[in-house]
Amino acid sequence: MKGAIARINPELKIIDLTHEIPPQNIAAARFCLMNSVPYFPAETVHIAVVDPGVGSKRRGIALQCGNCFFVGPDNGLFGGILSRERAIAAVELTNSKYWRSAQPSTTFHGRDIFAPAGAHLANGVALTDLGQSIDPKSLVQLQIPNCIETPTGIAGAIQYIDRFGNLITNIPNELLAGKTWSVTVNNNSNILSIAKGQTYSQTKPGDLIAIIGSDGWLEIAVNGGSARSVLQLQIGDKIQINYK
């Protein structure tokens with residue numbers, strides 16, 4: 001992919017965000033992209049490729065949200081961005097003039113379509129030149145439950161699990177600020193209440209703790225261990241906040 005970009009413009013600056021998304025894990029890619037975009041400058045072109053449907057009828061797309069551009073498969077990967085920013089315009093990448101080859105591989109659209117399209121965007125090609133305009137409302141969204149606030153608490157879900165086994169929920173800090181609360185999870189039919197804290201080390205090694213992570217989401221962690229292993233929870237599993 002870097003070679004395909006360099007052949008179009010070797011002066012373009014490329015920043016690798018991560019190559020450690022678990023294979024085929026679109027939800028993890030969605031989360032990492034959503035939380036990373038705010039740190040990049042205006043006019044950045046983000047190429048994101050976690051693409052288990054490569055070569056199928058799933059669309060390849062490019063879109064503009066705010067002052068940035070995004071290129072990749074239409075499989076829900078950009079859903080986190082779209083939950084925060086309205087898409088100004090979107091296209092399906094149908095113009096093979098801006099591909100590496102008019103006959104791309106059926107297993108590597110990252111190299112043959114997405115990287116070249118992103119490079120052309122960064123080089124000044126108009127978004128609408130890359131293909132047919134599509135309705136941004138038609139873009140695929142992952143079915144991750146929304147968090148719902150009630151007078152007694154918040155019903156949320158796990159939206160990401162990092163490599164340390166921390167369980168990151170979809171409950172933002174702003175819903176918890178100024179409130180006294182605890183977290184309840186259902187672990188194999190056992191209801192566990194987890195106290196809140198401010199740092200991982202605030203509890204004893206091996207103990208569970210609920211904290212606000214660096215991206216502003218509530219997460220459940222284990223001091224020196226893996227909350228995922230302890231609780232056996234997965235992306236999409238429910239988390240309950242109880243106000244006190």
# chains A, B, ... in the order shown; residues from 1 in each chain; ligands from 1
>>> residues_around(residues="stretch 19-33 of chain A", least_positions_apart="2", cutoff="7 Å", atoms="only C-alpha atoms", output="MDAnalysis selection string")
chainID A and resid 35:37 50:52 76:80 160
>>> write_last_selection(atoms="N, CA and C atoms", output="JSON list (two decimals), in the first residue's frame")
[["chain", "number", "residue", "atom", "x", "y", "z"],
["A", 35, "ASN", "N", -11.43, 7.27, 17.57],
["A", 35, "ASN", "CA", -10.74, 7.95, 18.67],
["A", 35, "ASN", "C", -9.41, 8.56, 18.27],
["A", 36, "SER", "N", -8.91, 8.22, 17.09],
["A", 36, "SER", "CA", -7.63, 8.75, 16.63],
["A", 36, "SER", "C", -7.76, 9.98, 15.76],
["A", 37, "VAL", "N", -8.84, 10.08, 15.01],
["A", 37, "VAL", "CA", -9.01, 11.16, 14.04],
["A", 37, "VAL", "C", -8.85, 12.56, 14.64],
["A", 50, "VAL", "N", -9.91, -2.78, 7.08],
["A", 50, "VAL", "CA", -10.20, -4.06, 7.73],
["A", 50, "VAL", "C", -11.37, -4.59, 6.93],
["A", 51, "ASP", "N", -11.13, -5.58, 6.09],
["A", 51, "ASP", "CA", -12.01, -5.80, 4.95],
["A", 51, "ASP", "C", -12.28, -7.29, 4.69],
["A", 52, "PRO", "N", -13.00, -7.96, 5.60],
["A", 52, "PRO", "CA", -13.28, -9.38, 5.36],
["A", 52, "PRO", "C", -14.15, -9.63, 4.13],
["A", 76, "GLY", "N", -19.08, -0.68, 7.82],
["A", 76, "GLY", "CA", -19.29, -0.25, 9.20],
["A", 76, "GLY", "C", -18.06, 0.33, 9.85],
["A", 77, "LEU", "N", -16.92, 0.22, 9.21],
["A", 77, "LEU", "CA", -15.67, 0.71, 9.76],
["A", 77, "LEU", "C", -15.72, 2.21, 10.07],
["A", 78, "PHE", "N", -16.47, 2.97, 9.27],
["A", 78, "PHE", "CA", -16.53, 4.43, 9.47],
["A", 78, "PHE", "C", -17.71, 4.86, 10.33],
["A", 79, "GLY", "N", -18.41, 3.90, 10.93],
["A", 79, "GLY", "CA", -19.60, 4.22, 11.72],
["A", 79, "GLY", "C", -19.31, 5.08, 12.94],
["A", 80, "GLY", "N", -18.15, 4.88, 13.57],
["A", 80, "GLY", "CA", -17.81, 5.71, 14.73],
["A", 80, "GLY", "C", -17.61, 7.16, 14.34],
["A", 160, "TYR", "N", -15.14, -2.05, 22.61],
["A", 160, "TYR", "CA", -13.77, -2.35, 22.20],
["A", 160, "TYR", "C", -13.06, -3.05, 23.35]]
>>> select_by_dssp(residues="stretch 42-220 of chain A", states="alpha helix (DSSP H)", output="NGL selection string")
:A and (79-84 or 109 or 115-122)
>>> write_last_selection(atoms="C-alpha atoms", output="PDB file, in the first residue's frame")
ATOM      1  CA  GLY A  79     -19.595   4.220  11.718  1.00  0.00           C
ATOM      2  CA  GLY A  80     -17.809   5.705  14.726  1.00  0.00           C
ATOM      3  CA  ILE A  81     -16.752   8.736  12.702  1.00  0.00           C
ATOM      4  CA  LEU A  82     -20.292   9.129  11.374  1.00  0.00           C
ATOM      5  CA  SER A  83     -21.670   9.069  14.924  1.00  0.00           C
ATOM      6  CA  ARG A  84     -19.656  12.233  15.638  1.00  0.00           C
ATOM      7  CA  HIS A 109      -8.245  -3.753  -2.481  1.00  0.00           C
ATOM      8  CA  ALA A 115      -4.305   3.353  -1.217  1.00  0.00           C
ATOM      9  CA  PRO A 116      -4.238   4.833  -4.747  1.00  0.00           C
ATOM     10  CA  ALA A 117      -7.589   6.592  -4.244  1.00  0.00           C
ATOM     11  CA  GLY A 118      -6.366   8.067  -0.964  1.00  0.00           C
ATOM     12  CA  ALA A 119      -3.127   9.210  -2.563  1.00  0.00           C
ATOM     13  CA  HIS A 120      -5.001  10.928  -5.376  1.00  0.00           C
ATOM     14  CA  LEU A 121      -7.228  12.672  -2.819  1.00  0.00           C
ATOM     15  CA  ALA A 122      -4.156  13.895  -0.942  1.00  0.00           C
TER      16      ALA A 122
END
>>> residues_around(residues="A:Gly110", least_positions_apart="2", cutoff="12 Å", atoms="only C-alpha atoms", output="number ranges by chain")
A: 1-5, 47-55, 60-61, 71-73, 99-100, 104-108, 112-119
>>> closest_residue(among="A:Met34, A:Ile134, A:Ala87, A:Ile171", to="A:Ile148", atoms="only C-alpha atoms")
A:Ile171
>>> atom_distance(atom1="atom CA of A:Thr128", atom2="atom CA of A:Gln64")
10.5 Å
>>> select_by_dssp(residues="stretch 10-232 of chain A", states="strand (DSSP E)", output="PyMOL selection string")
chain A and resi 45-47+60-65+68-73+87-92+132-133+148-150+153-161+167-172+181-187+190-194+208-212+217-222
>>> closest_atom_pairs(of="stretch 85-150 of chain A", to="stretch 175-193 of chain A", cutoff="12 Å", atoms="only C-alpha atoms", output="tab-separated table")
residue	atom	partner	partner_atom	distance
A:Cys147	CA	A:Leu175	CA	10.0
A:Ile148	CA	A:Leu175	CA	10.1
A:Glu149	CA	A:Leu175	CA	8.1
A:Thr150	CA	A:Leu175	CA	10.8
>>> residues_around(residues="A:Gly225", least_positions_apart="3", cutoff="10 Å", atoms="only C-alpha atoms", output="PyMOL selection string")
chain A and resi 164-166+205-208+221-222+228-230
>>> atom_distance(atom1="atom CA of A:Ser226", atom2="atom CA of A:Pro145")
23.3 Å
>>> closest_residue(among="A:Lys196, A:Pro10, A:Asn223, A:Thr169", to="A:Tyr243", atoms="only C-alpha atoms")
A:Lys196
>>> residues_around(residues="A:Glu43", least_positions_apart="5", cutoff="7 Å", atoms="only C-alpha atoms", output="PyMOL selection string")
chain A and resi 67-69
>>> atom_distance(atom1="atom CA of A:Thr199", atom2="atom CA of A:Ile211")
6.8 Å
